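Asks: One file: final06.pdb (PDB, C-alpha atoms).
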```pdb
ATOM      1  CA  MET E   1       1.828 -22.734  11.658
ATOM      2  CA  SER E   2      -0.525 -20.267   9.983
ATOM      3  CA  ALA E   3       0.581 -16.722   9.304
ATOM      4  CA  ARG E   4      -0.325 -14.093  11.887
ATOM      5  CA  VAL E   5      -1.888 -11.473   9.636
ATOM      6  CA  VAL E   6      -2.442  -7.875  10.790
ATOM      7  CA  ALA E   7      -4.715  -5.607   8.771
ATOM      8  CA  VAL E   8      -3.257  -2.093   8.778
ATOM      9  CA  PHE E   9      -5.735   0.606   7.802
ATOM     10  CA  GLY E  10      -4.522   3.956   6.554
ATOM     11  CA  ALA E  11      -1.516   2.046   5.279
ATOM     12  CA  THR E  12      -0.320   4.761   2.909
ATOM     13  CA  GLY E  13      -0.470   7.486   5.582
ATOM     14  CA  THR E  14       2.200   8.470   8.077
ATOM     15  CA  GLN E  15       0.927   6.231  10.859
ATOM     16  CA  GLY E  16      -0.088   3.221   8.802
ATOM     17  CA  SER E  17       3.088   3.092   6.731
ATOM     18  CA  SER E  18       5.169   3.202   9.907
ATOM     19  CA  VAL E  19       3.277   0.152  11.178
ATOM     20  CA  VAL E  20       3.555  -1.763   7.911
ATOM     21  CA  LYS E  21       7.304  -1.157   7.601
ATOM     22  CA  THR E  22       7.967  -2.113  11.229
ATOM     23  CA  LEU E  23       6.031  -5.378  10.906
ATOM     24  CA  LEU E  24       7.841  -6.229   7.687
ATOM     25  CA  ALA E  25      11.230  -5.594   9.294
ATOM     26  CA  ASP E  26      10.378  -7.715  12.347
ATOM     27  CA  GLY E  27       8.919 -10.647  10.432
ATOM     28  CA  ARG E  28       6.734 -12.045  13.197
ATOM     29  CA  PHE E  29       3.495 -10.749  11.698
ATOM     30  CA  VAL E  30       2.310 -10.403   8.108
ATOM     31  CA  PRO E  31       1.042  -6.882   7.407
ATOM     32  CA  ARG E  32      -1.971  -6.527   5.143
ATOM     33  CA  ALA E  33      -1.848  -2.934   3.949
ATOM     34  CA  VAL E  34      -5.398  -1.685   3.474
ATOM     35  CA  THR E  35      -5.997   1.336   1.284
ATOM     36  CA  ARG E  36      -8.777   2.869  -0.781
ATOM     37  CA  ASN E  37      -6.475   3.030  -3.811
ATOM     38  CA  PRO E  38      -4.149   0.010  -4.097
ATOM     39  CA  THR E  39      -2.637   1.341  -7.337
ATOM     40  CA  SER E  40      -1.399   4.603  -5.807
ATOM     41  CA  GLU E  41       2.325   5.272  -5.774
ATOM     42  CA  LYS E  42       2.527   4.840  -2.003
ATOM     43  CA  ALA E  43       0.569   1.579  -2.078
ATOM     44  CA  LEU E  44       2.774   0.159  -4.824
ATOM     45  CA  LYS E  45       5.877   1.051  -2.806
ATOM     46  CA  LEU E  46       4.524  -0.916   0.154
ATOM     47  CA  LYS E  47       3.871  -3.842  -2.174
ATOM     48  CA  GLU E  48       7.465  -3.653  -3.412
ATOM     49  CA  LEU E  49       8.626  -3.869   0.207
ATOM     50  CA  GLY E  50       6.714  -7.131   0.588
ATOM     51  CA  ALA E  51       3.374  -6.102   2.049
ATOM     52  CA  GLU E  52       0.103  -7.592   0.878
ATOM     53  CA  VAL E  53      -1.975  -4.648  -0.410
ATOM     54  CA  VAL E  54      -5.773  -4.884  -0.491
ATOM     55  CA  GLN E  55      -8.537  -2.442  -1.324
ATOM     56  CA  ALA E  56     -11.209  -1.321   1.132
ATOM     57  CA  ASP E  57     -13.226   1.813   1.802
ATOM     58  CA  LEU E  58     -14.165   2.803   5.350
ATOM     59  CA  TRP E  59     -17.608   3.812   4.059
ATOM     60  CA  ASP E  60     -18.150   0.275   2.722
ATOM     61  CA  VAL E  61     -18.493  -2.230   5.580
ATOM     62  CA  PRO E  62     -18.508  -5.350   3.328
ATOM     63  CA  SER E  63     -15.153  -4.252   1.888
ATOM     64  CA  LEU E  64     -13.815  -3.883   5.441
ATOM     65  CA  LYS E  65     -14.941  -7.398   6.310
ATOM     66  CA  ASN E  66     -13.236  -8.697   3.192
ATOM     67  CA  ALA E  67      -9.997  -6.905   4.167
ATOM     68  CA  MET E  68     -10.193  -8.454   7.634
ATOM     69  CA  ASN E  69     -10.822 -11.989   6.408
ATOM     70  CA  GLY E  70      -8.450 -14.335   8.217
ATOM     71  CA  VAL E  71      -6.612 -11.623  10.169
ATOM     72  CA  GLU E  72      -5.583 -11.938  13.781
ATOM     73  CA  ALA E  73      -5.368  -8.238  14.570
ATOM     74  CA  VAL E  74      -6.242  -4.812  13.204
ATOM     75  CA  PHE E  75      -4.629  -1.402  13.441
ATOM     76  CA  GLY E  76      -7.303   1.234  12.913
ATOM     77  CA  VAL E  77      -6.834   4.912  12.150
ATOM     78  CA  THR E  78      -9.083   7.444  10.407
ATOM     79  CA  ASP E  79      -8.385  10.707   8.599
ATOM     80  CA  TYR E  80     -10.863  13.487   9.337
ATOM     81  CA  TYR E  81      -9.315  15.790   6.740
ATOM     82  CA  ASP E  82      -9.596  13.376   3.843
ATOM     83  CA  PRO E  83     -11.900  15.359   1.478
ATOM     84  CA  LYS E  84     -14.201  12.368   0.994
ATOM     85  CA  ASN E  85     -14.667  12.103   4.745
ATOM     86  CA  SER E  86     -14.885  15.759   5.732
ATOM     87  CA  ALA E  87     -17.486  16.352   3.029
ATOM     88  CA  GLN E  88     -19.857  14.103   4.994
ATOM     89  CA  GLY E  89     -19.921  16.381   8.033
ATOM     90  CA  HIS E  90     -18.250  16.811  11.402
ATOM     91  CA  THR E  91     -19.119  13.330  12.701
ATOM     92  CA  SER E  92     -17.967  11.436   9.624
ATOM     93  CA  GLU E  93     -14.792  10.178  11.258
ATOM     94  CA  MET E  94     -16.771   8.692  14.142
ATOM     95  CA  ILE E  95     -18.981   6.811  11.679
ATOM     96  CA  LEU E  96     -15.918   5.413   9.920
ATOM     97  CA  GLY E  97     -14.366   4.296  13.209
ATOM     98  CA  LYS E  98     -17.571   2.529  14.165
ATOM     99  CA  ASN E  99     -17.630   0.824  10.762
ATOM    100  CA  LEU E 100     -14.148  -0.530  11.474
ATOM    101  CA  VAL E 101     -15.231  -1.840  14.874
ATOM    102  CA  ASP E 102     -18.366  -3.484  13.480
ATOM    103  CA  ALA E 103     -16.347  -5.198  10.761
ATOM    104  CA  ALA E 104     -13.759  -6.380  13.292
ATOM    105  CA  VAL E 105     -16.435  -7.874  15.538
ATOM    106  CA  ALA E 106     -18.100  -9.604  12.583
ATOM    107  CA  SER E 107     -14.718 -10.949  11.411
ATOM    108  CA  ASP E 108     -13.830 -12.364  14.851
ATOM    109  CA  VAL E 109     -10.689 -10.246  15.104
ATOM    110  CA  LYS E 110      -8.680 -11.229  18.186
ATOM    111  CA  PHE E 111      -7.107  -7.839  18.892
ATOM    112  CA  PHE E 112      -7.949  -4.313  17.768
ATOM    113  CA  ILE E 113      -5.620  -1.323  18.158
ATOM    114  CA  TRP E 114      -7.241   2.106  17.794
ATOM    115  CA  SER E 115      -5.214   5.282  17.168
ATOM    116  CA  SER E 116      -6.921   8.004  19.168
ATOM    117  CA  LEU E 117      -6.812  11.447  20.774
ATOM    118  CA  PRO E 118      -8.380  13.037  23.882
ATOM    119  CA  HIS E 119     -11.949  14.391  23.887
ATOM    120  CA  SER E 120     -11.312  18.135  23.801
ATOM    121  CA  THR E 121     -14.911  19.105  24.592
ATOM    122  CA  ARG E 122     -14.984  17.036  27.772
ATOM    123  CA  VAL E 123     -11.457  17.815  28.902
ATOM    124  CA  SER E 124     -12.081  21.552  28.494
ATOM    125  CA  ASN E 125     -15.559  21.382  30.073
ATOM    126  CA  GLY E 126     -17.084  22.607  26.846
ATOM    127  CA  LYS E 127     -14.647  25.444  26.126
ATOM    128  CA  TYR E 128     -13.282  23.828  22.950
ATOM    129  CA  PRO E 129     -16.167  21.972  21.226
ATOM    130  CA  ASN E 130     -14.911  22.424  17.668
ATOM    131  CA  VAL E 131     -11.874  20.131  17.588
ATOM    132  CA  TYR E 132     -13.831  17.475  15.764
ATOM    133  CA  HIS E 133     -10.941  15.199  14.836
ATOM    134  CA  PHE E 134     -10.157  14.816  18.549
ATOM    135  CA  ASP E 135     -13.721  14.211  19.722
ATOM    136  CA  ASN E 136     -14.584  11.818  16.887
ATOM    137  CA  LYS E 137     -11.702   9.504  17.708
ATOM    138  CA  ALA E 138     -12.463   9.662  21.443
ATOM    139  CA  ASN E 139     -16.112   8.790  20.807
ATOM    140  CA  VAL E 140     -15.024   5.676  18.906
ATOM    141  CA  GLU E 141     -13.138   4.574  22.041
ATOM    142  CA  GLU E 142     -16.448   4.282  23.890
ATOM    143  CA  TYR E 143     -17.921   2.273  21.042
ATOM    144  CA  ILE E 144     -14.960  -0.116  21.150
ATOM    145  CA  ARG E 145     -15.361  -0.677  24.888
ATOM    146  CA  ASP E 146     -19.097  -1.304  24.533
ATOM    147  CA  SER E 147     -18.428  -3.839  21.758
ATOM    148  CA  ASN E 148     -16.332  -6.070  24.055
ATOM    149  CA  LEU E 149     -13.773  -6.340  21.268
ATOM    150  CA  PRO E 150     -10.338  -7.155  22.787
ATOM    151  CA  HIS E 151      -8.373  -3.987  22.235
ATOM    152  CA  SER E 152      -5.794  -1.411  23.172
ATOM    153  CA  ILE E 153      -6.329   2.313  22.695
ATOM    154  CA  LEU E 154      -3.164   4.069  21.590
ATOM    155  CA  HIS E 155      -3.198   7.822  22.112
ATOM    156  CA  THR E 156      -0.923   9.674  19.737
ATOM    157  CA  VAL E 157      -0.541  13.344  18.828
ATOM    158  CA  SER E 158      -2.489  15.515  16.444
ATOM    159  CA  GLU E 159      -1.660  14.881  12.786
ATOM    160  CA  THR E 160      -2.657  18.380  11.805
ATOM    161  CA  SER E 161       0.407  19.634  13.668
ATOM    162  CA  GLU E 162       2.628  16.920  12.269
ATOM    163  CA  SER E 163       5.315  19.268  10.986
ATOM    164  CA  VAL E 164       6.348  19.799  14.594
ATOM    165  CA  ALA E 165       4.478  17.460  16.867
ATOM    166  CA  MET E 166       4.760  14.389  14.672
ATOM    167  CA  PHE E 167       8.257  15.068  13.300
ATOM    168  CA  SER E 168       7.117  15.035   9.698
ATOM    169  CA  PHE E 169       9.450  16.429   7.063
ATOM    170  CA  ASP E 170       6.817  18.780   5.631
ATOM    171  CA  LEU E 171       7.236  22.163   7.268
ATOM    172  CA  GLY E 172       3.715  22.789   6.129
ATOM    173  CA  SER E 173       0.881  25.230   6.363
ATOM    174  CA  TYR E 174       0.380  25.719  10.069
ATOM    175  CA  ASN E 175       3.776  25.249  11.713
ATOM    176  CA  HIS E 176       6.350  27.390   9.962
ATOM    177  CA  LEU E 177      10.093  27.155  10.251
ATOM    178  CA  THR E 178      11.219  30.073   8.136
ATOM    179  CA  LEU E 179      14.665  31.391   7.322
ATOM    180  CA  SER E 180      15.296  35.092   7.838
ATOM    181  CA  PRO E 181      15.913  37.267   4.745
ATOM    182  CA  ASP E 182      19.637  37.418   5.477
ATOM    183  CA  SER E 183      19.767  33.633   6.173
ATOM    184  CA  SER E 184      21.211  34.243   9.638
ATOM    185  CA  SER E 185      18.395  32.727  11.753
ATOM    186  CA  TYR E 186      15.084  30.873  11.762
ATOM    187  CA  GLU E 187      11.643  31.551  13.197
ATOM    188  CA  LEU E 188       9.437  28.700  14.379
ATOM    189  CA  THR E 189       5.831  29.929  14.305
ATOM    190  CA  VAL E 190       2.895  28.005  15.761
ATOM    191  CA  PRO E 191      -0.561  29.625  15.996
ATOM    192  CA  LYS E 192      -2.119  30.368  19.366
ATOM    193  CA  TYR E 193       0.510  28.499  21.421
ATOM    194  CA  ASP E 194       1.972  29.735  24.702
ATOM    195  CA  PRO E 195       5.788  29.489  24.686
ATOM    196  CA  ASN E 196       5.712  27.929  28.164
ATOM    197  CA  SER E 197       3.095  25.266  27.413
ATOM    198  CA  PRO E 198       4.297  21.741  26.616
ATOM    199  CA  GLN E 199       3.732  19.962  23.331
ATOM    200  CA  TYR E 200       3.617  16.177  23.007
ATOM    201  CA  ILE E 201       5.803  14.753  20.278
ATOM    202  CA  THR E 202       5.944  11.500  18.348
ATOM    203  CA  TRP E 203       8.517  10.597  15.755
ATOM    204  CA  VAL E 204       5.964   8.504  13.925
ATOM    205  CA  GLU E 205       8.284   6.942  11.374
ATOM    206  CA  ARG E 206      10.564   5.594  14.124
ATOM    207  CA  ASP E 207       8.314   5.082  17.153
ATOM    208  CA  LEU E 208       4.688   4.364  16.298
ATOM    209  CA  GLY E 209       5.450   1.090  14.562
ATOM    210  CA  GLN E 210       7.504   0.025  17.580
ATOM    211  CA  CYS E 211       4.522   0.659  19.849
ATOM    212  CA  ILE E 212       2.138  -1.345  17.656
ATOM    213  CA  LEU E 213       4.581  -4.236  17.388
ATOM    214  CA  SER E 214       5.035  -4.377  21.156
ATOM    215  CA  LEU E 215       1.259  -4.511  21.694
ATOM    216  CA  LEU E 216       0.853  -7.269  19.119
ATOM    217  CA  LYS E 217       3.627  -9.320  20.695
ATOM    218  CA  HIS E 218       2.234  -9.062  24.218
ATOM    219  CA  TYR E 219      -1.556  -8.716  24.044
ATOM    220  CA  GLN E 220      -2.054 -12.410  24.847
ATOM    221  CA  ASP E 221       0.033 -12.050  28.030
ATOM    222  CA  SER E 222      -2.285 -10.990  30.871
ATOM    223  CA  SER E 223       0.686  -9.834  32.944
ATOM    224  CA  ALA E 224       1.591  -7.197  30.323
ATOM    225  CA  GLY E 225      -1.372  -5.074  31.402
ATOM    226  CA  ILE E 226      -2.227  -3.753  27.930
ATOM    227  CA  LEU E 227      -5.460  -5.507  26.986
ATOM    228  CA  ASP E 228      -8.452  -3.150  27.108
ATOM    229  CA  GLU E 229      -6.179  -0.342  28.315
ATOM    230  CA  THR E 230      -5.195   3.095  27.026
ATOM    231  CA  LEU E 231      -1.505   3.668  26.296
ATOM    232  CA  TYR E 232       0.433   6.655  24.980
ATOM    233  CA  ALA E 233       2.606   6.581  21.862
ATOM    234  CA  VAL E 234       4.424   9.792  22.695
ATOM    235  CA  SER E 235       8.178  10.080  22.277
ATOM    236  CA  GLU E 236       8.817  13.275  24.189
ATOM    237  CA  LYS E 237       7.244  16.287  25.897
ATOM    238  CA  MET E 238       8.691  19.798  25.674
ATOM    239  CA  THR E 239       7.755  23.409  25.042
ATOM    240  CA  TYR E 240       8.146  24.953  21.606
ATOM    241  CA  THR E 241      10.778  27.237  23.117
ATOM    242  CA  GLU E 242      12.751  24.131  24.104
ATOM    243  CA  TYR E 243      12.126  22.660  20.673
ATOM    244  CA  ALA E 244      13.536  25.807  19.050
ATOM    245  CA  ALA E 245      16.701  25.358  21.115
ATOM    246  CA  VAL E 246      17.023  21.756  19.889
ATOM    247  CA  ILE E 247      16.657  22.875  16.267
ATOM    248  CA  GLN E 248      19.172  25.654  16.857
ATOM    249  CA  LYS E 249      21.723  23.129  18.091
ATOM    250  CA  ALA E 250      21.206  20.943  15.027
ATOM    251  CA  LEU E 251      21.234  23.730  12.452
ATOM    252  CA  GLY E 252      23.901  25.906  14.006
ATOM    253  CA  LYS E 253      21.801  29.065  13.611
ATOM    254  CA  PRO E 254      19.575  30.921  16.096
ATOM    255  CA  VAL E 255      15.978  29.677  16.151
ATOM    256  CA  HIS E 256      13.268  31.766  17.836
ATOM    257  CA  PHE E 257       9.791  30.553  18.710
ATOM    258  CA  VAL E 258       6.884  32.852  17.855
ATOM    259  CA  SER E 259       3.286  32.313  18.952
ATOM    260  CA  GLY E 260       1.494  33.247  15.764
ATOM    261  CA  PRO E 261      -1.969  34.621  14.954
ATOM    262  CA  SER E 262      -4.926  32.634  13.674
ATOM    263  CA  CYS E 263      -4.179  30.086  10.974
ATOM    264  CA  GLY E 264      -7.536  30.874   9.397
ATOM    265  CA  MET E 265      -9.389  27.712  10.460
ATOM    266  CA  GLN E 266     -11.378  27.739  13.692
ATOM    267  CA  GLU E 267     -10.926  24.036  14.330
ATOM    268  CA  LEU E 268      -7.150  24.256  14.085
ATOM    269  CA  ASP E 269      -7.005  27.464  16.131
ATOM    270  CA  ASP E 270      -9.085  25.748  18.815
ATOM    271  CA  MET E 271      -6.872  22.669  18.617
ATOM    272  CA  TYR E 272      -3.731  24.683  19.288
ATOM    273  CA  GLU E 273      -5.386  26.703  22.050
ATOM    274  CA  PHE E 274      -6.761  23.528  23.655
ATOM    275  CA  GLN E 275      -3.348  21.885  23.656
ATOM    276  CA  SER E 276      -1.671  25.047  24.932
ATOM    277  CA  GLU E 277      -4.151  25.523  27.777
ATOM    278  CA  PHE E 278      -4.897  21.946  28.843
ATOM    279  CA  GLY E 279      -2.110  19.827  27.357
ATOM    280  CA  LEU E 280      -2.748  16.558  25.588
ATOM    281  CA  TYR E 281      -1.736  14.225  28.396
ATOM    282  CA  PRO E 282      -0.843  16.278  31.486
ATOM    283  CA  HIS E 283      -1.370  13.425  33.953
ATOM    284  CA  THR E 284       0.568  10.780  32.050
ATOM    285  CA  PRO E 285       4.282   9.911  32.364
ATOM    286  CA  ILE E 286       6.019  10.506  29.017
ATOM    287  CA  PRO E 287       7.303   8.254  27.556
ATOM    288  CA  ASP E 288       4.756   5.644  28.702
ATOM    289  CA  PRO E 289       6.696   3.318  31.052
ATOM    290  CA  ARG E 290       4.407   0.403  30.161
ATOM    291  CA  LEU E 291       5.501   0.563  26.535
ATOM    292  CA  GLU E 292       9.135   0.943  27.581
ATOM    293  CA  ARG E 293       8.820  -2.210  29.682
ATOM    294  CA  LEU E 294       7.603  -4.003  26.569
ATOM    295  CA  GLY E 295      10.805  -3.002  24.789
ATOM    296  CA  VAL E 296       9.862   0.206  22.981
ATOM    297  CA  LYS E 297      12.886   2.496  22.687
ATOM    298  CA  PHE E 298      11.543   5.976  22.026
ATOM    299  CA  ASN E 299      13.633   8.349  19.959
ATOM    300  CA  SER E 300      14.400  11.906  20.976
ATOM    301  CA  MET E 301      13.654  15.203  19.291
ATOM    302  CA  GLU E 302      17.367  15.924  19.329
ATOM    303  CA  ALA E 303      17.991  12.804  17.244
ATOM    304  CA  PHE E 304      15.240  13.825  14.829
ATOM    305  CA  ALA E 305      16.661  17.324  14.412
ATOM    306  CA  GLN E 306      20.153  15.980  13.796
ATOM    307  CA  GLU E 307      19.251  13.042  11.557
ATOM    308  CA  GLU E 308      16.205  14.198   9.608
ATOM    309  CA  LEU E 309      15.261  17.859   9.966
ATOM    310  CA  LYS E 310      18.732  19.118   9.123
ATOM    311  CA  LYS E 311      18.894  16.878   6.044
ATOM    312  CA  SER E 312      15.379  17.848   4.968
ATOM    313  CA  LEU E 313      16.062  21.581   5.199
ATOM    314  CA  LEU E 314      19.308  21.210   3.287
ATOM    315  CA  GLY E 315      17.460  19.332   0.556
ATOM    316  CA  GLN E 316      14.824  22.066   0.347
ATOM    317  CA  ARG E 317      17.474  24.795   0.071
ATOM    318  CA  ASN E 318      19.329  22.884  -2.644
ATOM    319  CA  TYR E 319      16.088  22.416  -4.568
ATOM    320  CA  LEU E 320      15.237  26.118  -4.355
ATOM    321  CA  SER E 321      18.733  27.064  -5.472
ATOM    322  CA  GLU E 322      18.390  24.790  -8.497
ATOM    323  CA  GLN E 323      15.047  26.360  -9.417
ATOM    324  CA  LEU E 324      16.444  29.876  -9.133
ATOM    325  CA  THR E 325      19.374  29.115 -11.403
ATOM    326  CA  LYS E 326      17.262  27.574 -14.172
TER     327      LYS E 326
END
```
Go ahead and render the structure in this file as structure tokens.
Replies:
Amino acid sequence: MSARVVAVFGATGTQGSSVVKTLLADGRFVPRAVTRNPTSEKALKLKELGAEVVQADLWDVPSLKNAMNGVEAVFGVTDYYDPKNSAQGHTSEMILGKNLVDAAVASDVKFFIWSSLPHSTRVSNGKYPNVYHFDNKANVEEYIRDSNLPHSILHTVSETSESVAMFSFDLGSYNHLTLSPDSSSYELTVPKYDPNSPQYITWVERDLGQCILSLLKHYQDSSAGILDETLYAVSEKMTYTEYAAVIQKALGKPVHFVSGPSCGMQELDDMYEFQSEFGLYPHTPIPDPRLERLGVKFNSMEAFAQEELKKSLLGQRNYLSEQLTK
């Protein structure tokens, strides 16, 4: 029996690496990790884990076809904020997504999974037209449907807010969890976000790979109801005020949510305001019961705070203490 190869694009990113590692652990499919730089540290780590690593550039369609040679399925994701991509203008990500689709059609791929987001301009009736990384991905969805490529659309959450919404360890530039000067409490600050508005959360490292694996295992089963459908890889839905309470329980110190001022980038300000006002998926049950029926066991924010956030913050404090004593 020939190997069931899955080309995973963006393999060294948060989403792609989750997919590669999940497929390796399961063993049913052979992940082909596709990256622009196969000699990067992250790519070499995936190779050490047992993944096949190949080079391709989303701007180079022949390289995409080569990466898809002999594959059964593809996981596609694009990165709007990659400097090479953003330098080409606001629609660059849409072009890259279409390149992936064209290559998949030409390579006779049997199943295509697209990581996407809602169309903020349409959902807001034109109020938020500047959230390009949302609209680009949503526009690729239409192109996929028109191509007749067998597919599933998997809606996730915004990577630019990954330090909260995607449970990343980097408490980065736009979502701040800061310790008070006397170390007695924390402030969680998110720009332009109403404390009573829900956020949609995915623990990518634990849950996205599960979702992809479940789709791959069941796409040939017509009764599963996933082919040519949109599904939602969202672990949990809660307000940032509720999230602060979860962090407080894990850390054992008061945590207060603060709706902050502008982050200094219009697109990101608009993204937060769009999510706060309209919500990412207000008409969708979270978690998606269709994915749960396929065996996906979504993890909770409480588990993340206890198992990862607490450990990450402790590591950061220890590192800072070491630097101060040098």
Asks: My list of candidates is E:Val246, E:Val74, E:Leu309, E:Ala67. Which is closest to Gly16 (chain E) when distances are computed with only C-alpha atoms?
Replies: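 Answer, going by the shortest atom-to-atom distance: E:Val74.
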Asks: May I have the protein, DNA and RNA residues with any atom at most 10 Å from the point (-4.3, 26.9, 25.8), counting all atoms listed in the file, written as a list in words?
Replies: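 In the file's frame, the residues around the point are Ser124, Tyr128, Lys192, Tyr193, Asp194, Ser197, Asp270, Met271, Tyr272, Glu273, Phe274, Gln275, Ser276, Glu277, Phe278 and Gly279 of chain E.
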Asks: Quick check on the file I pasted: which residues fall under the PyMOL selection byres ((chain E and resi 38) around 10)? Write them as a list in words.
Replies: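 Selection result, ordered by chain and number: Ala11, Thr12, Ala33, Val34, Thr35, Arg36, Asn37, Thr39, Ser40, Glu41, Lys42, Ala43, Leu44, Leu46, Lys47, Val53, Val54, Gln55 and Ala56 of chain E.
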Asks: CA of His283 (chain E) and CA of Glu267 (chain E), how far apart in Å?
Replies: 24.3 Å
Asks: What does the distance from CA of Val71 (chain E) to CA of Arg4 (chain E) come to in Å, to one decimal?
Replies: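 A separation of 7.0 Å between them.
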Asks: Leaving out region 175-185 of chain E and any residue of its chain fewer than 2 positions from it, which residues lie within 6 Å of it when counting all atoms listed in the file, given as a ChimeraX atom specification?
Replies: /E:171,187-190,253-255
Asks: Would you translate the PyMOL selection byres ((chain E and resi 137) around 10) into the concrete set of residues it matches in this file, as a list in words?
Replies: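 Applied to this file, the PyMOL selection byres ((chain E and resi 137) around 10) selects Val77, Thr78, Asp79, Tyr80, Thr91, Glu93, Met94, Ile95, Leu96, Gly97, Lys98, Trp114, Ser115, Ser116, Leu117, Pro118, His119, Tyr132, His133, Phe134, Asp135, Asn136, Ala138, Asn139, Val140, Glu141, Glu142 and His155 of chain E.
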Asks: Translate the PyMOL selection byres ((chain E and resi 220-233) around 8) into a concrete residue list for this structure, as a list in words.
Replies: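 This file gives the following for the PyMOL selection byres ((chain E and resi 220-233) around 8): Arg145, Pro150, His151, Ser152, Ile153, Leu154, His155, Thr156, Thr202, Asp207, Leu208, Cys211, Leu215, Lys217, His218, Tyr219, Val234, Ser235, Ile286, Pro287, Asp288, Arg290, Leu291 and Leu294 of chain E.
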Asks: Have a look at E:Ile144, E:Leu280, E:Ala103, E:Val123 and name the one nearest to Tyr200 (chain E); count all atoms listed in the file.
Replies: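 Counting all atoms listed in the file, the residue closest to Tyr200 (chain E) is E:Leu280.
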Asks: Which is closer to Thr284 (chain E) than all the others in E:Leu251, E:Ala245, E:Lys237, E:Leu100, using only C-alpha atoms?
Replies: E:Lys237
Asks: Between CA of Ser17 (chain E) and CA of His90 (chain E), what is the distance, to one decimal in Å?
Replies: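 So the answer is 25.8 Å.
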Asks: For Phe304 (chain E), which of E:Tyr281, E:Trp203, E:Phe257, E:Tyr240 is the closest residue, counting all atoms listed in the file?
Replies: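 Among the listed residues, the smallest separation from Phe304 (chain E) belongs to E:Trp203.
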Asks: Between E:Gly27, E:Pro198, E:Gly10, E:Gly70, which is the closest to Glu242 (chain E) once you count only C-alpha atoms?
Replies: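 For Glu242 (chain E), the nearest of the candidates is E:Pro198.
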Asks: Find the residues around Ala3 (chain E) up to 12 Å (only C-alpha atoms counted), leave out those fewer than 3 positions away in its own chain, and share them as a list of chain:residue names.
Replies: E:Val6, E:Gly27, E:Arg28, E:Phe29, E:Val30, E:Pro31, E:Arg32, E:Gly70, E:Val71, E:Glu72, E:Ala73
